[in-house]
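**Q** Sharing a structure here in structure tokens format.
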Amino acid sequence: MLILEIDSTLYLMSSSFSEIKKNITDKLSKELPNHLTYHDIEHTLYVLEKSVFIAKKEKVSKKDLRLIKIAALYHDSGFLKGPKDHEEMSCKIVKKDLKNVLDKEELKKVCGMIMATKIPQSPTNLCEQILADADLEYLGTKNFLPVGDKLYEELKHSNPKLSVKQWNEIQIGFIGKHSYHTKFCRQYREKYKQKNLEYLKTLI
């Protein structure tokens, strides 16, 4: 009987993630403003994918992996309310949505990961490092330019006078100060990020 109860709990935990994912992705798809060309549902799903990929490379536990996945899904949900302090708002949203799914310690851990994506990033543990790196993993990939273009278009919504030259200068400054945190990204993304930085410098 005890085994059946444990199996049932594991089943509920597994199925609950699918439900969590569907609920928040449906909401993001329907309610995020159209001018968010970077902080859109595609970005959230990309960060989820990369979080899982990096987490497996870093060999985290199954329990932590589940929390990382939830944090990835909710990390930009605060944009549903607006860009200002969106990380803090994301924490409020996940606490409200999942108060009956996660315990207080798990919610604290999820919020820690979400807050670790705030610029400048300052993760304090491996799970936070994973989400922080997944959020900016694109900086060290061939997708850097097209993804950067999406962020540029989003920023122009609130600053129409932002020129391409100014944007490139912003990116150069940002990448110059950015550091990856996980062993995987330091080994496999940092070199390509530096190549992207050097290319940007040729455009100024």
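The way I read the labels, and the way they are meant: chains A, B, ... in the order of the structure tokens, residue 1 as the first residue of every chain, and ligand 1 as the first ligand shown, with later ones counted on from there.
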Using only C-alpha atoms, what does the table of stretch 20-119 of chain A residues within 8 Å of stretch 179-190 of chain A look like, with each row giving the shortest atom pair and its distance in Å to one decimal, sorted by chain and ascending number, as CSV?

**A**
residue,atom,partner,partner_atom,distance
A:Ile54,CA,A:Phe184,CA,6.9
A:Lys57,CA,A:Phe184,CA,6.8
A:Glu58,CA,A:Phe184,CA,7.2

**Q** Could you pull the residues within 7 Å of stretch 74-76 of chain A, counting only C-alpha atoms, minus those fewer than 4 positions along the same chain, as an MDAnalysis selection string?

**A** chainID A and resid 70 86:87 90 94 114

**Q** Take the residues just selected and output them with N, CA and C atoms as an mmCIF file, in the first residue's frame.

**A**
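What follows is the written file result18.cif:
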data_model
loop_
_atom_site.group_PDB
_atom_site.id
_atom_site.type_symbol
_atom_site.label_atom_id
_atom_site.label_comp_id
_atom_site.auth_asym_id
_atom_site.auth_seq_id
_atom_site.Cartn_x
_atom_site.Cartn_y
_atom_site.Cartn_z
ATOM 1 N N ILE A 70 10.613 24.717 -13.952
ATOM 2 C CA ILE A 70 9.529 25.618 -13.538
ATOM 3 C C ILE A 70 10.022 27.064 -13.519
ATOM 4 N N HIS A 86 10.438 43.202 -13.535
ATOM 5 C CA HIS A 86 9.680 42.032 -13.967
ATOM 6 C C HIS A 86 10.125 40.747 -13.261
ATOM 7 N N GLU A 87 11.376 40.690 -12.803
ATOM 8 C CA GLU A 87 11.811 39.496 -12.077
ATOM 9 C C GLU A 87 11.047 39.353 -10.756
ATOM 10 N N SER A 90 7.633 38.301 -11.532
ATOM 11 C CA SER A 90 7.612 36.877 -11.899
ATOM 12 C C SER A 90 7.549 36.008 -10.657
ATOM 13 N N VAL A 94 4.585 33.291 -9.773
ATOM 14 C CA VAL A 94 4.813 31.861 -9.551
ATOM 15 C C VAL A 94 4.356 31.455 -8.150
ATOM 16 N N ILE A 114 14.910 32.724 -10.535
ATOM 17 C CA ILE A 114 14.347 33.810 -11.338
ATOM 18 C C ILE A 114 15.115 35.112 -11.092
#

**Q** Please produce, as JSON lines, a per-residue contact table for stretch 99-198 of chain A versus stretch 22-36 of chain A (criterion: any atom at most 12 Å away, only C-alpha atoms considered), showing the nearest atom pair and its distance in Å to one decimal, sorted by chain then residue number.

**A**
{"residue": "A:Lys150", "atom": "CA", "partner": "A:Leu36", "partner_atom": "CA", "distance": 8.6}
{"residue": "A:Leu151", "atom": "CA", "partner": "A:Leu36", "partner_atom": "CA", "distance": 8.3}
{"residue": "A:Tyr152", "atom": "CA", "partner": "A:Leu36", "partner_atom": "CA", "distance": 10.4}
{"residue": "A:Glu153", "atom": "CA", "partner": "A:His35", "partner_atom": "CA", "distance": 8.2}
{"residue": "A:Glu154", "atom": "CA", "partner": "A:Leu36", "partner_atom": "CA", "distance": 5.5}
{"residue": "A:Leu155", "atom": "CA", "partner": "A:Leu36", "partner_atom": "CA", "distance": 8.7}
{"residue": "A:Lys156", "atom": "CA", "partner": "A:His35", "partner_atom": "CA", "distance": 9.4}
{"residue": "A:His157", "atom": "CA", "partner": "A:His35", "partner_atom": "CA", "distance": 6.8}
{"residue": "A:Ser158", "atom": "CA", "partner": "A:His35", "partner_atom": "CA", "distance": 9.5}

**Q** Go ahead and save the residues from that selection, with N, CA and C atoms, as a PDB file, in the first residue's frame.

**A**
ATOM      1  N   LYS A 150      15.980  40.960 -32.508  1.00  0.00           N
ATOM      2  CA  LYS A 150      14.652  40.925 -31.887  1.00  0.00           C
ATOM      3  C   LYS A 150      14.613  41.800 -30.639  1.00  0.00           C
ATOM      4  N   LEU A 151      15.706  41.788 -29.889  1.00  0.00           N
ATOM      5  CA  LEU A 151      15.769  42.631 -28.691  1.00  0.00           C
ATOM      6  C   LEU A 151      15.848  44.106 -29.080  1.00  0.00           C
ATOM      7  N   TYR A 152      16.578  44.392 -30.153  1.00  0.00           N
ATOM      8  CA  TYR A 152      16.671  45.771 -30.647  1.00  0.00           C
ATOM      9  C   TYR A 152      15.296  46.309 -31.030  1.00  0.00           C
ATOM     10  N   GLU A 153      14.518  45.510 -31.751  1.00  0.00           N
ATOM     11  CA  GLU A 153      13.177  45.934 -32.149  1.00  0.00           C
ATOM     12  C   GLU A 153      12.279  46.156 -30.933  1.00  0.00           C
ATOM     13  N   GLU A 154      12.444  45.313 -29.921  1.00  0.00           N
ATOM     14  CA  GLU A 154      11.650  45.472 -28.708  1.00  0.00           C
ATOM     15  C   GLU A 154      12.004  46.767 -27.982  1.00  0.00           C
ATOM     16  N   LEU A 155      13.285  47.061 -27.890  1.00  0.00           N
ATOM     17  CA  LEU A 155      13.727  48.280 -27.210  1.00  0.00           C
ATOM     18  C   LEU A 155      13.294  49.538 -27.957  1.00  0.00           C
ATOM     19  N   LYS A 156      13.221  49.439 -29.284  1.00  0.00           N
ATOM     20  CA  LYS A 156      12.805  50.596 -30.076  1.00  0.00           C
ATOM     21  C   LYS A 156      11.347  50.973 -29.822  1.00  0.00           C
ATOM     22  N   HIS A 157      10.586  50.056 -29.304  1.00  0.00           N
ATOM     23  CA  HIS A 157       9.189  50.359 -28.997  1.00  0.00           C
ATOM     24  C   HIS A 157       9.098  51.479 -27.963  1.00  0.00           C
ATOM     25  N   SER A 158       9.980  51.427 -26.971  1.00  0.00           N
ATOM     26  CA  SER A 158       9.977  52.467 -25.937  1.00  0.00           C
ATOM     27  C   SER A 158      11.002  53.561 -26.204  1.00  0.00           C
TER      28      SER A 158
END

**Q** Step one, run DSSP on the backbone; step two, keep only residues of stretch 23-73 of chain A assigned to helix (DSSP H, G or I); then write them as JSON, numbers by chain.

**A** {"A": [23, 24, 25, 26, 27, 28, 29, 30, 31, 41, 42, 43, 44, 45, 46, 47, 48, 49, 50, 51, 52, 53, 54, 55, 56, 57, 62, 63, 64, 65, 66, 67, 68, 69, 70, 71, 72, 73]}

**Q** Env of A:Asn125: 12 Å cut, atoms = only C-alpha atoms, seq-sep filter 6 positions within chain, self excluded. Answer as a ChimeraX atom specification.

**A** /A:60,64,109-110,112-113,116,131-132,181-182

**Q** Counting only C-alpha atoms, what is within 12 Å of A:Lys108, bar same-chain residues fewer than 4 positions away, as a list in words?

**A**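 These residues fall inside the cut-off: Leu67, Ala71, Cys91, Lys92, Val94, Lys95, Leu98, Lys99, Leu102, Asp103, Lys104, Gly112, Met113, Ile114, Met115 and Glu128 of chain A.
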
**Q** Please, could you write that set of residues out with C-alpha atoms as a PDB file, in the first residue's frame?

**A**
ATOM      1  CA  LEU A  67      12.461  23.250 -10.168  1.00  0.00           C
ATOM      2  CA  ALA A  71      11.785  28.627 -12.946  1.00  0.00           C
ATOM      3  CA  CYS A  91       8.253  35.653  -8.364  1.00  0.00           C
ATOM      4  CA  LYS A  92       4.887  36.972  -7.218  1.00  0.00           C
ATOM      5  CA  VAL A  94       4.813  31.861  -9.551  1.00  0.00           C
ATOM      6  CA  LYS A  95       4.061  32.020  -5.816  1.00  0.00           C
ATOM      7  CA  LEU A  98       1.956  27.282  -7.547  1.00  0.00           C
ATOM      8  CA  LYS A  99       1.324  27.862  -3.848  1.00  0.00           C
ATOM      9  CA  LEU A 102       5.323  23.601  -4.384  1.00  0.00           C
ATOM     10  CA  ASP A 103       6.227  23.971  -0.724  1.00  0.00           C
ATOM     11  CA  LYS A 104       7.745  27.172   0.685  1.00  0.00           C
ATOM     12  CA  GLY A 112      16.108  32.528  -6.305  1.00  0.00           C
ATOM     13  CA  MET A 113      16.667  31.223  -9.816  1.00  0.00           C
ATOM     14  CA  ILE A 114      14.347  33.810 -11.338  1.00  0.00           C
ATOM     15  CA  MET A 115      16.094  36.647  -9.497  1.00  0.00           C
ATOM     16  CA  GLU A 128      20.740  29.769 -10.192  1.00  0.00           C
TER      17      GLU A 128
END
